[in-house]
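Colleague: protein33.cif is reproduced in full below (mmCIF, C-alpha atoms).
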```cif
data_query
#
loop_
_atom_site.group_PDB
_atom_site.id
_atom_site.type_symbol
_atom_site.label_atom_id
_atom_site.label_comp_id
_atom_site.auth_asym_id
_atom_site.auth_seq_id
_atom_site.Cartn_x
_atom_site.Cartn_y
_atom_site.Cartn_z
ATOM 1 C CA MET N 1 -1.564 -1.443 30.064
ATOM 2 C CA ALA N 2 -3.326 -4.824 29.781
ATOM 3 C CA TRP N 3 -6.307 -3.172 28.078
ATOM 4 C CA GLN N 4 -3.942 -1.507 25.608
ATOM 5 C CA ARG N 5 -2.446 -4.889 24.698
ATOM 6 C CA VAL N 6 -5.923 -6.343 24.221
ATOM 7 C CA GLY N 7 -6.897 -3.388 22.046
ATOM 8 C CA TRP N 8 -3.815 -3.696 19.813
ATOM 9 C CA LEU N 9 -4.350 -7.469 19.579
ATOM 10 C CA GLY N 10 -7.951 -6.843 18.513
ATOM 11 C CA LEU N 11 -6.779 -4.409 15.832
ATOM 12 C CA LEU N 12 -4.264 -6.995 14.609
ATOM 13 C CA VAL N 13 -6.950 -9.683 14.352
ATOM 14 C CA ALA N 14 -9.293 -7.265 12.560
ATOM 15 C CA GLY N 15 -6.504 -6.327 10.136
ATOM 16 C CA LEU N 16 -5.796 -9.999 9.383
ATOM 17 C CA LEU N 17 -9.508 -10.616 8.762
ATOM 18 C CA ALA N 18 -9.576 -7.616 6.424
ATOM 19 C CA PHE N 19 -6.614 -8.960 4.443
ATOM 20 C CA TRP N 20 -8.256 -12.390 4.246
ATOM 21 C CA ALA N 21 -11.455 -10.829 2.889
ATOM 22 C CA LEU N 22 -9.476 -8.857 0.302
ATOM 23 C CA LEU N 23 -6.931 -11.448 -0.805
ATOM 24 C CA ALA N 24 -7.896 -15.003 0.062
ATOM 25 C CA GLY N 25 -11.623 -14.999 0.684
ATOM 26 C CA PRO N 26 -14.388 -15.542 -1.888
ATOM 27 C CA ASP N 27 -15.820 -12.551 -3.725
ATOM 28 C CA VAL N 28 -19.227 -13.033 -2.105
ATOM 29 C CA LEU N 29 -20.029 -14.848 1.145
ATOM 30 C CA VAL N 30 -23.667 -15.339 2.228
ATOM 31 C CA GLY N 31 -24.669 -12.555 -0.158
ATOM 32 C CA VAL N 32 -22.075 -10.135 1.250
ATOM 33 C CA ASP N 33 -19.424 -8.481 -0.942
ATOM 34 C CA LEU N 34 -16.288 -9.412 1.009
ATOM 35 C CA GLY N 35 -14.104 -7.007 -0.969
ATOM 36 C CA LYS N 36 -16.213 -4.012 0.099
ATOM 37 C CA TRP N 37 -16.398 -5.060 3.748
ATOM 38 C CA GLY N 38 -12.755 -6.093 3.842
ATOM 39 C CA THR N 39 -11.718 -2.670 2.558
ATOM 40 C CA ALA N 40 -14.011 -0.904 5.035
ATOM 41 C CA LEU N 41 -12.594 -2.998 7.887
ATOM 42 C CA LEU N 42 -9.018 -2.312 6.831
ATOM 43 C CA VAL N 43 -9.676 1.441 6.628
ATOM 44 C CA THR N 44 -11.380 1.334 10.036
ATOM 45 C CA VAL N 45 -8.390 -0.469 11.559
ATOM 46 C CA ALA N 46 -6.052 2.147 10.084
ATOM 47 C CA TRP N 47 -8.108 5.059 11.430
ATOM 48 C CA VAL N 48 -8.543 3.526 14.897
ATOM 49 C CA SER N 49 -4.802 2.863 15.007
ATOM 50 C CA LEU N 50 -4.215 6.477 14.032
ATOM 51 C CA TYR N 51 -6.417 7.724 16.839
ATOM 52 C CA ALA N 52 -4.641 5.489 19.351
ATOM 53 C CA ILE N 53 -1.233 6.649 18.125
ATOM 54 C CA SER N 54 -2.272 10.298 18.271
ATOM 55 C CA ARG N 55 -3.279 9.859 21.932
ATOM 56 C CA THR N 56 -0.018 8.138 22.889
ATOM 57 C CA PRO N 57 2.973 10.201 24.070
ATOM 58 C CA LEU N 58 6.067 10.113 21.910
ATOM 59 C CA GLY N 59 8.240 7.171 22.879
ATOM 60 C CA ASP N 60 11.926 6.441 22.535
ATOM 61 C CA VAL N 61 11.357 4.463 19.331
ATOM 62 C CA GLU N 62 9.566 7.364 17.653
ATOM 63 C CA ARG N 63 12.243 9.803 18.801
ATOM 64 C CA GLY N 64 14.949 7.586 17.301
ATOM 65 C CA VAL N 65 13.204 7.150 13.940
ATOM 66 C CA SER N 66 12.854 10.115 11.591
ATOM 67 C CA PRO N 67 9.433 11.166 10.200
ATOM 68 C CA GLY N 68 10.649 10.269 6.707
ATOM 69 C CA GLU N 69 11.294 6.676 7.750
ATOM 70 C CA TRP N 70 7.884 6.338 9.426
ATOM 71 C CA LYS N 71 6.192 7.626 6.282
ATOM 72 C CA ALA N 72 8.243 5.226 4.163
ATOM 73 C CA TRP N 73 7.209 2.176 6.226
ATOM 74 C CA VAL N 74 3.554 3.264 6.091
ATOM 75 C CA GLY N 75 3.893 3.640 2.311
ATOM 76 C CA VAL N 76 5.410 0.152 2.042
ATOM 77 C CA ALA N 77 2.527 -1.359 4.030
ATOM 78 C CA PHE N 78 -0.216 0.304 1.982
ATOM 79 C CA MET N 79 1.432 -0.256 -1.406
ATOM 80 C CA LEU N 80 2.141 -3.889 -0.551
ATOM 81 C CA ALA N 81 -1.523 -4.349 0.374
ATOM 82 C CA ALA N 82 -2.624 -2.652 -2.877
ATOM 83 C CA VAL N 83 -0.253 -4.724 -5.050
ATOM 84 C CA ALA N 84 -1.241 -7.986 -3.345
ATOM 85 C CA TYR N 85 -4.947 -7.135 -3.726
ATOM 86 C CA PHE N 86 -4.472 -6.300 -7.409
ATOM 87 C CA LEU N 87 -2.642 -9.593 -8.062
ATOM 88 C CA ALA N 88 -5.282 -11.602 -6.186
ATOM 89 C CA LYS N 89 -8.082 -10.057 -8.279
ATOM 90 C CA ALA N 90 -6.269 -9.515 -11.614
ATOM 91 C CA HIS N 91 -8.394 -12.151 -13.378
ATOM 92 C CA VAL N 92 -11.462 -9.926 -12.947
ATOM 93 C CA PHE N 93 -10.073 -7.326 -15.373
ATOM 94 C CA ALA N 94 -10.158 -9.876 -18.195
ATOM 95 C CA GLN N 95 -13.935 -10.286 -17.866
ATOM 96 C CA GLY N 96 -14.841 -7.133 -19.751
ATOM 97 C CA ALA N 97 -14.547 -3.362 -19.879
ATOM 98 C CA VAL N 98 -15.244 -1.289 -16.795
ATOM 99 C CA TRP N 99 -18.819 -0.310 -17.770
ATOM 100 C CA ASP N 100 -19.785 -3.999 -18.106
ATOM 101 C CA ASN N 101 -17.623 -5.314 -15.271
ATOM 102 C CA HIS N 102 -19.049 -4.892 -11.770
ATOM 103 C CA GLY N 103 -16.089 -6.734 -10.233
ATOM 104 C CA ALA N 104 -13.570 -4.353 -11.805
ATOM 105 C CA ARG N 105 -15.512 -1.324 -10.543
ATOM 106 C CA ALA N 106 -15.540 -2.804 -7.041
ATOM 107 C CA ILE N 107 -11.790 -3.407 -7.139
ATOM 108 C CA GLY N 108 -11.177 0.156 -8.293
ATOM 109 C CA ARG N 109 -13.383 1.495 -5.497
ATOM 110 C CA ASN N 110 -11.538 -0.572 -2.892
ATOM 111 C CA LEU N 111 -8.138 0.599 -4.131
ATOM 112 C CA VAL N 112 -9.291 4.224 -3.970
ATOM 113 C CA LEU N 113 -10.432 3.676 -0.368
ATOM 114 C CA LEU N 114 -6.987 2.280 0.472
ATOM 115 C CA LEU N 115 -5.344 5.360 -1.044
ATOM 116 C CA VAL N 116 -7.673 7.669 0.912
ATOM 117 C CA ALA N 117 -6.835 5.853 4.160
ATOM 118 C CA TRP N 118 -3.140 6.152 3.322
ATOM 119 C CA ALA N 119 -3.469 9.903 2.692
ATOM 120 C CA VAL N 120 -5.322 10.426 5.986
ATOM 121 C CA LEU N 121 -2.743 8.379 7.895
ATOM 122 C CA THR N 122 0.118 10.378 6.393
ATOM 123 C CA HIS N 123 -1.602 13.650 7.311
ATOM 124 C CA VAL N 124 -2.160 12.559 10.918
ATOM 125 C CA LEU N 125 1.431 11.397 11.287
ATOM 126 C CA GLY N 126 2.626 14.722 9.885
ATOM 127 C CA ALA N 127 0.562 16.587 12.492
ATOM 128 C CA ARG N 128 2.005 14.350 15.216
ATOM 129 C CA TRP N 129 5.529 15.426 14.281
ATOM 130 C CA LYS N 130 4.683 19.108 14.075
ATOM 131 C CA GLY N 131 7.579 21.091 15.478
ATOM 132 C CA ARG N 132 10.196 18.474 14.555
ATOM 133 C CA VAL N 133 12.571 18.805 11.634
ATOM 134 C CA GLN N 134 10.938 16.544 9.039
ATOM 135 C CA GLU N 135 13.456 16.896 6.212
ATOM 136 C CA ASP N 136 17.185 17.583 6.042
ATOM 137 C CA GLU N 137 20.097 16.824 3.707
ATOM 138 C CA ARG N 138 20.038 13.127 4.605
ATOM 139 C CA ASP N 139 16.329 12.893 3.776
ATOM 140 C CA LEU N 140 16.867 14.582 0.405
ATOM 141 C CA ARG N 141 19.743 12.217 -0.406
ATOM 142 C CA ILE N 142 17.684 9.144 0.493
ATOM 143 C CA GLU N 143 14.667 10.419 -1.458
ATOM 144 C CA GLN N 144 16.800 10.918 -4.564
ATOM 145 C CA GLN N 145 18.354 7.452 -4.370
ATOM 146 C CA ALA N 146 14.978 5.829 -3.641
ATOM 147 C CA ALA N 147 13.430 7.626 -6.630
ATOM 148 C CA ASP N 148 16.093 5.984 -8.812
ATOM 149 C CA TRP N 149 15.060 2.578 -7.439
ATOM 150 C CA GLY N 150 11.418 3.401 -8.142
ATOM 151 C CA ARG N 151 12.151 4.353 -11.740
ATOM 152 C CA SER N 152 14.178 1.164 -12.160
ATOM 153 C CA GLY N 153 11.300 -0.936 -10.829
ATOM 154 C CA LEU N 154 8.837 0.805 -13.143
ATOM 155 C CA THR N 155 11.160 0.364 -16.131
ATOM 156 C CA PHE N 156 11.644 -3.340 -15.343
ATOM 157 C CA CYS N 157 7.869 -3.920 -15.188
ATOM 158 C CA LEU N 158 7.221 -2.041 -18.434
ATOM 159 C CA ILE N 159 9.978 -3.883 -20.301
ATOM 160 C CA GLY N 160 8.677 -7.205 -18.976
ATOM 161 C CA LEU N 161 5.147 -6.332 -20.135
ATOM 162 C CA ALA N 162 6.394 -5.236 -23.564
ATOM 163 C CA VAL N 163 8.456 -8.422 -24.048
ATOM 164 C CA MET N 164 5.531 -10.606 -22.953
ATOM 165 C CA LEU N 165 3.132 -8.956 -25.391
ATOM 166 C CA ALA N 166 5.612 -8.855 -28.260
ATOM 167 C CA PHE N 167 6.847 -12.440 -28.121
ATOM 168 C CA SER N 168 3.715 -14.351 -27.050
ATOM 169 C CA PRO N 169 1.701 -16.131 -29.764
ATOM 170 C CA ALA N 170 -1.509 -14.324 -30.636
ATOM 171 C CA GLU N 171 -3.688 -17.273 -29.575
ATOM 172 C CA ARG N 172 -2.315 -16.975 -26.039
ATOM 173 C CA LEU N 173 -3.135 -13.274 -25.745
ATOM 174 C CA ALA N 174 -6.921 -13.500 -25.720
ATOM 175 C CA TRP N 175 -6.839 -12.163 -22.159
ATOM 176 C CA ALA N 176 -4.834 -9.051 -23.189
ATOM 177 C CA THR N 177 -7.794 -6.784 -23.868
ATOM 178 C CA PRO N 178 -7.175 -2.996 -23.927
ATOM 179 C CA PHE N 179 -8.806 -2.744 -20.488
ATOM 180 C CA MET N 180 -6.543 -5.478 -19.106
ATOM 181 C CA VAL N 181 -3.416 -3.896 -20.574
ATOM 182 C CA ALA N 182 -4.408 -0.505 -19.147
ATOM 183 C CA ASN N 183 -4.707 -2.050 -15.688
ATOM 184 C CA LEU N 184 -1.349 -3.782 -16.102
ATOM 185 C CA LEU N 185 0.189 -0.367 -16.770
ATOM 186 C CA VAL N 186 -1.378 0.903 -13.531
ATOM 187 C CA PHE N 187 0.032 -2.182 -11.802
ATOM 188 C CA ALA N 188 3.495 -1.299 -13.150
ATOM 189 C CA LEU N 189 3.163 2.169 -11.595
ATOM 190 C CA MET N 190 2.175 0.603 -8.276
ATOM 191 C CA CYS N 191 5.201 -1.681 -8.383
ATOM 192 C CA GLY N 192 7.444 1.309 -9.085
ATOM 193 C CA TRP N 193 6.035 3.154 -6.059
ATOM 194 C CA LEU N 194 6.426 0.032 -3.919
ATOM 195 C CA CYS N 195 10.096 -0.220 -4.929
ATOM 196 C CA GLU N 196 10.626 3.451 -4.098
ATOM 197 C CA TYR N 197 9.036 3.244 -0.652
ATOM 198 C CA ALA N 198 10.786 -0.038 0.147
ATOM 199 C CA ALA N 199 14.154 1.421 -0.890
ATOM 200 C CA THR N 200 13.474 4.529 1.212
ATOM 201 C CA ALA N 201 12.619 2.482 4.307
ATOM 202 C CA VAL N 202 15.628 0.172 3.913
ATOM 203 C CA MET N 203 18.056 3.062 3.404
ATOM 204 C CA TYR N 204 16.761 4.843 6.501
ATOM 205 C CA TRP N 205 17.072 1.608 8.487
ATOM 206 C CA ARG N 206 20.632 0.989 7.284
ATOM 207 C CA ASP N 207 21.570 4.597 8.038
ATOM 208 C CA ARG N 208 20.359 4.210 11.633
ATOM 209 C CA ARG N 209 22.434 1.044 12.072
#
```
Output the structure of this file as structure tokens.
Modeller:
Amino acid sequence: MAWQRVGWLGLLVAGLLAFWALLAGPDVLVGVDLGKWGTALLVTVAWVSLYAISRTPLGDVERGVSPGEWKAWVGVAFMLAAVAYFLAKAHVFAQGAVWDNHGARAIGRNLVLLLVAWAVLTHVLGARWKGRVQEDERDLRIEQQAADWGRSGLTFCLIGLAVMLAFSPAERLAWATPFMVANLLVFALMCGWLCEYAATAVMYWRDRR
């Protein structure tokens, strides 16, 4: 049991280091691309955690929480990491189009790696709950209501972007290149998904209470 605590503490420290490398650290440290290594470390932590979870017997907490809620909390964690990473590195997209912008290509690669890790984690969790009822009428109701929250979040972001571009003086929009605006639209989609997953997780939690 003590070794298990040490192992989970080590994974927590590694995860915090990965987030520091992605969000707060410099782009390059001693010639090393911290974004690339931070993403690799974060993916490694996720996969090692998955392996540990897959080897652990189902506990009372897992039995009391539906698969839909687990997936929602995992979605919140990954989307929050992706949104925070995008915001921390948003200035890079104003430095030029993707074919002339090494930093933008690196950010895109790191976000894709996060999405791949998320997909693998979701698949492993689904296999862990094989044999359990993973969706019923309550799940469908929560999914429908959460989708409404997601659309509202997306709409809010798009309206905010449109108002900002329409009412800002032209001399203050030098940063709003087509490449930057395209990435802001992707960011709006990410925010919409984050709202949907957060609403799903909160509604499951309130339903359990």
Colleague: Name the residues that the PyMOL selection byres ((chain N and resi 205) around 12) pulls out of this structure, and write them as a ChimeraX atom specification.
Modeller: /N:64-66,68-70,72-73,142,198-204,206-209
Colleague: Counting only C-alpha atoms, which of N:Ala174, N:Ala82, N:Cys191, N:Ala77 gets nearest to Arg151 of chain N?
Modeller: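 Result for the nearest residue to Arg151 of chain N: N:Cys191.
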Colleague: On this file, the PyMOL selection byres ((chain N and resi 158) around 12) gives some set of residues; write that set as a list in words.
Modeller: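 What the PyMOL selection byres ((chain N and resi 158) around 12) grabs from the file is Arg151, Ser152, Gly153, Leu154, Thr155, Phe156, Cys157, Ile159, Gly160, Leu161, Ala162, Val163, Met164, Leu165, Val181, Ala182, Leu184, Leu185, Val186, Phe187, Ala188, Leu189, Met190, Cys191 and Gly192 of chain N.
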Colleague: Record the distance separating atom CA of Ala119 of chain N and atom CA of Val48 of chain N, expressed in Å with one decimal.
Modeller: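 So the answer is 14.7 Å.
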Colleague: Mind pulling up the distance from atom CA of Val45 of chain N to atom CA of Trp118 of chain N?
Modeller: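 Value for the atom CA of Trp118 of chain N-atom CA of Val45 of chain N distance: 11.8 Å.
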Colleague: What does the structure give for the distance between atom CA of Tyr197 of chain N and atom CA of Ala146 of chain N, in Å to one decimal?
Modeller: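 Computing the Euclidean distance for atom CA of Tyr197 of chain N and atom CA of Ala146 of chain N yields 7.1 Å.
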Colleague: Report as a PyMOL selection string all protein, DNA and RNA residues lying within 7 Å of Lys71 of chain N, evaluated on all atoms listed in the file, omitting residues in the same chain fewer than 4 positions from it.
Modeller: chain N and resi 67+75+122
Colleague: Just say which residues the PyMOL selection byres ((chain N and resi 177) around 12) picks in this file, as a list in words.
Modeller: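 Those residues are His91, Val92, Phe93, Ala94, Gln95, Gly96, Ala97, Val98, Leu165, Ala170, Arg172, Leu173, Ala174, Trp175, Ala176, Pro178, Phe179, Met180, Val181, Ala182, Asn183 and Leu184 of chain N.
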Colleague: Using the file's own x, y and z axes, so that the box edges lie along x, y and z, what centre and edge lengths in Å (one decimal) does a box around every listed atom of segment 199-207 of chain N get when 5 Å is added on each side? Give it as JSON.
Modeller:
```
{"center_x": 17.1, "center_y": 2.5, "center_z": 3.8, "size_x": 19.0, "size_y": 14.7, "size_z": 19.4}
```
Colleague: Kindly indicate which residue among N:Arg141, N:Leu115, N:Gly108, N:Cys195 lies nearest to Phe78 of chain N, using all atoms listed in the file for the distances.
Modeller: N:Leu115
